[in-house]
Amino acid sequence: MMFIVRSTGAQPEASGIQVKLSRKTPTNLPDAVGKTDFFCVGEAEAMAALRAAGWTVLELHDGYYEDGSGGGVGIWGQGKYWEIRDTPFTIKEAVGPTASTEPGVEEGEQVNVRGAIFGV
């Protein structure tokens with residue numbers, strides 16, 4: 001699961017988490033001056049441990065979070081699935097569903113796009 005740890009610049013170090021990306025906290029948020037957002041991956045227990053240690057932990061909702069340098073993080077599945085992007089069109093790292101979008105379609109086989117979109 002991906003979440004944000006917001007701090008005054010110190011990167012969170014705790015067992016069970018990995019920092020995937022950092023950005024300056026957006027200025028339109030209250031108390032953003034001098035703070036950094038760290039996009040972290042870990043389980044719910046790691047989030048709870050960080051909160052108990054006094055860190056500000058924010059759960060992510062579906063959307064796109066810009067990193068301030070042209071890329072960002074795409075989130076869906078309430079933080080379960082995510083993509084780190086260098087640009088809006090370039091995926092650097094991703095964790096997401098691996099199931100085929102159309103049952104019974106093998107790799108290299110043609111897909112009926114019109115049927116998939118319009119049901120025709």
# chains A, B, ... in the order shown; residues from 1 in each chain; ligands from 1
>>> residues_around(residues="A:Gly16", least_positions_apart="4", cutoff="10 Å", atoms="only C-alpha atoms", output="PyMOL selection string")
chain A and resi 40-47+49
>>> residues_around(residues="stretch 66-82 of chain A", least_positions_apart="6", cutoff="7 Å", atoms="only C-alpha atoms", output="number ranges by chain")
A: 1-3, 23, 60, 88, 94-96
>>> write_last_selection(atoms="all heavy atoms", output="PDB file, in the first residue's frame")
ATOM      1  N   MET A   1       0.844  -1.164   0.000  1.00  0.00           N
ATOM      2  CA  MET A   1       0.000   0.000   0.000  1.00  0.00           C
ATOM      3  C   MET A   1       0.893   1.231   0.000  1.00  0.00           C
ATOM      4  O   MET A   1       1.900   1.270   0.681  1.00  0.00           O
ATOM      5  CB  MET A   1      -0.898  -0.026   1.230  1.00  0.00           C
ATOM      6  CG  MET A   1      -1.624   1.257   1.472  1.00  0.00           C
ATOM      7  SD  MET A   1      -2.684   1.232   2.911  1.00  0.00           S
ATOM      8  CE  MET A   1      -3.914   0.089   2.375  1.00  0.00           C
ATOM      9  N   MET A   2       0.524   2.246  -0.776  1.00  0.00           N
ATOM     10  CA  MET A   2       1.301   3.480  -0.806  1.00  0.00           C
ATOM     11  C   MET A   2       0.598   4.547   0.023  1.00  0.00           C
ATOM     12  O   MET A   2      -0.621   4.653   0.018  1.00  0.00           O
ATOM     13  CB  MET A   2       1.510   3.969  -2.234  1.00  0.00           C
ATOM     14  CG  MET A   2       2.412   5.208  -2.284  1.00  0.00           C
ATOM     15  SD  MET A   2       2.942   5.684  -3.933  1.00  0.00           S
ATOM     16  CE  MET A   2       4.277   4.541  -4.207  1.00  0.00           C
ATOM     17  N   PHE A   3       1.411   5.349   0.727  1.00  0.00           N
ATOM     18  CA  PHE A   3       0.918   6.436   1.562  1.00  0.00           C
ATOM     19  C   PHE A   3       1.980   7.525   1.604  1.00  0.00           C
ATOM     20  O   PHE A   3       3.115   7.318   1.167  1.00  0.00           O
ATOM     21  CB  PHE A   3       0.591   5.931   2.974  1.00  0.00           C
ATOM     22  CG  PHE A   3       1.720   5.189   3.634  1.00  0.00           C
ATOM     23  CD1 PHE A   3       2.634   5.842   4.445  1.00  0.00           C
ATOM     24  CD2 PHE A   3       1.862   3.819   3.451  1.00  0.00           C
ATOM     25  CE1 PHE A   3       3.678   5.156   5.044  1.00  0.00           C
ATOM     26  CE2 PHE A   3       2.886   3.118   4.061  1.00  0.00           C
ATOM     27  CZ  PHE A   3       3.805   3.789   4.864  1.00  0.00           C
ATOM     28  N   ARG A  23       8.680  14.844  -2.743  1.00  0.00           N
ATOM     29  CA  ARG A  23       8.363  16.133  -3.369  1.00  0.00           C
ATOM     30  C   ARG A  23       8.220  17.168  -2.264  1.00  0.00           C
ATOM     31  O   ARG A  23       7.987  16.830  -1.098  1.00  0.00           O
ATOM     32  CB  ARG A  23       7.064  16.053  -4.169  1.00  0.00           C
ATOM     33  CG  ARG A  23       5.846  15.923  -3.272  1.00  0.00           C
ATOM     34  CD  ARG A  23       4.555  16.016  -4.014  1.00  0.00           C
ATOM     35  NE  ARG A  23       3.438  15.958  -3.061  1.00  0.00           N
ATOM     36  CZ  ARG A  23       2.189  15.860  -3.408  1.00  0.00           C
ATOM     37  NH1 ARG A  23       1.862  15.797  -4.686  1.00  0.00           N
ATOM     38  NH2 ARG A  23       1.235  15.832  -2.491  1.00  0.00           N
ATOM     39  N   LEU A  60      -3.510   7.607   0.875  1.00  0.00           N
ATOM     40  CA  LEU A  60      -3.765   8.136  -0.463  1.00  0.00           C
ATOM     41  C   LEU A  60      -5.075   7.606  -1.024  1.00  0.00           C
ATOM     42  O   LEU A  60      -5.460   6.473  -0.768  1.00  0.00           O
ATOM     43  CB  LEU A  60      -2.622   7.761  -1.403  1.00  0.00           C
ATOM     44  CG  LEU A  60      -1.288   8.418  -1.068  1.00  0.00           C
ATOM     45  CD1 LEU A  60      -0.186   7.853  -1.943  1.00  0.00           C
ATOM     46  CD2 LEU A  60      -1.370   9.916  -1.225  1.00  0.00           C
ATOM     47  N   PRO A  88       4.184  12.427 -17.434  1.00  0.00           N
ATOM     48  CA  PRO A  88       2.819  11.895 -17.433  1.00  0.00           C
ATOM     49  C   PRO A  88       2.641  10.653 -18.308  1.00  0.00           C
ATOM     50  O   PRO A  88       1.690   9.907 -18.143  1.00  0.00           O
ATOM     51  CB  PRO A  88       1.989  13.071 -17.965  1.00  0.00           C
ATOM     52  CG  PRO A  88       2.768  14.271 -17.587  1.00  0.00           C
ATOM     53  CD  PRO A  88       4.205  13.864 -17.720  1.00  0.00           C
ATOM     54  N   ALA A  94       5.904   0.341 -11.241  1.00  0.00           N
ATOM     55  CA  ALA A  94       4.468   0.169 -11.042  1.00  0.00           C
ATOM     56  C   ALA A  94       4.158  -1.101 -10.271  1.00  0.00           C
ATOM     57  O   ALA A  94       4.888  -2.077 -10.345  1.00  0.00           O
ATOM     58  CB  ALA A  94       3.747   0.134 -12.386  1.00  0.00           C
ATOM     59  N   VAL A  95       3.058  -1.042  -9.542  1.00  0.00           N
ATOM     60  CA  VAL A  95       2.481  -2.211  -8.899  1.00  0.00           C
ATOM     61  C   VAL A  95       0.994  -2.139  -9.185  1.00  0.00           C
ATOM     62  O   VAL A  95       0.340  -1.156  -8.867  1.00  0.00           O
ATOM     63  CB  VAL A  95       2.727  -2.214  -7.374  1.00  0.00           C
ATOM     64  CG1 VAL A  95       1.940  -3.306  -6.698  1.00  0.00           C
ATOM     65  CG2 VAL A  95       4.206  -2.362  -7.084  1.00  0.00           C
ATOM     66  N   GLY A  96       0.462  -3.155  -9.850  1.00  0.00           N
ATOM     67  CA  GLY A  96      -0.940  -3.116 -10.214  1.00  0.00           C
ATOM     68  C   GLY A  96      -1.466  -4.488 -10.530  1.00  0.00           C
ATOM     69  O   GLY A  96      -0.763  -5.481 -10.425  1.00  0.00           O
TER      70      GLY A  96
END
>>> atom_distance(atom1="atom CA of A:Gly34", atom2="atom CA of A:Asp62")
25.8 Å
>>> closest_residue(among="A:Val33, A:Val57, A:Ala48, A:Ile84", to="A:Thr8", atoms="only C-alpha atoms")
A:Val33
>>> atom_distance(atom1="atom CA of A:Ser7", atom2="atom CA of A:Gly63")
21.6 Å
>>> closest_residue(among="A:Thr27, A:Lys35, A:Leu50, A:Gly115", to="A:Ser15", atoms="only C-alpha atoms")
A:Leu50
>>> select_by_dssp(residues="chain A", states="strand (DSSP E or B)", output="VMD selection string")
chain A and resid 2 to 7 17 to 24 36 to 42 56 to 59 63 to 66 72 to 76 81 to 87 90 to 95
>>> residues_around(residues="A:Gln11", least_positions_apart="4", cutoff="10 Å", atoms="only C-alpha atoms", output="ChimeraX atom specification")
/A:5-7,19,22,36-38
>>> closest_residue(among="A:Ile117, A:Asn28, A:Leu21, A:Tyr64", to="A:Lys92", atoms="only C-alpha atoms")
A:Leu21
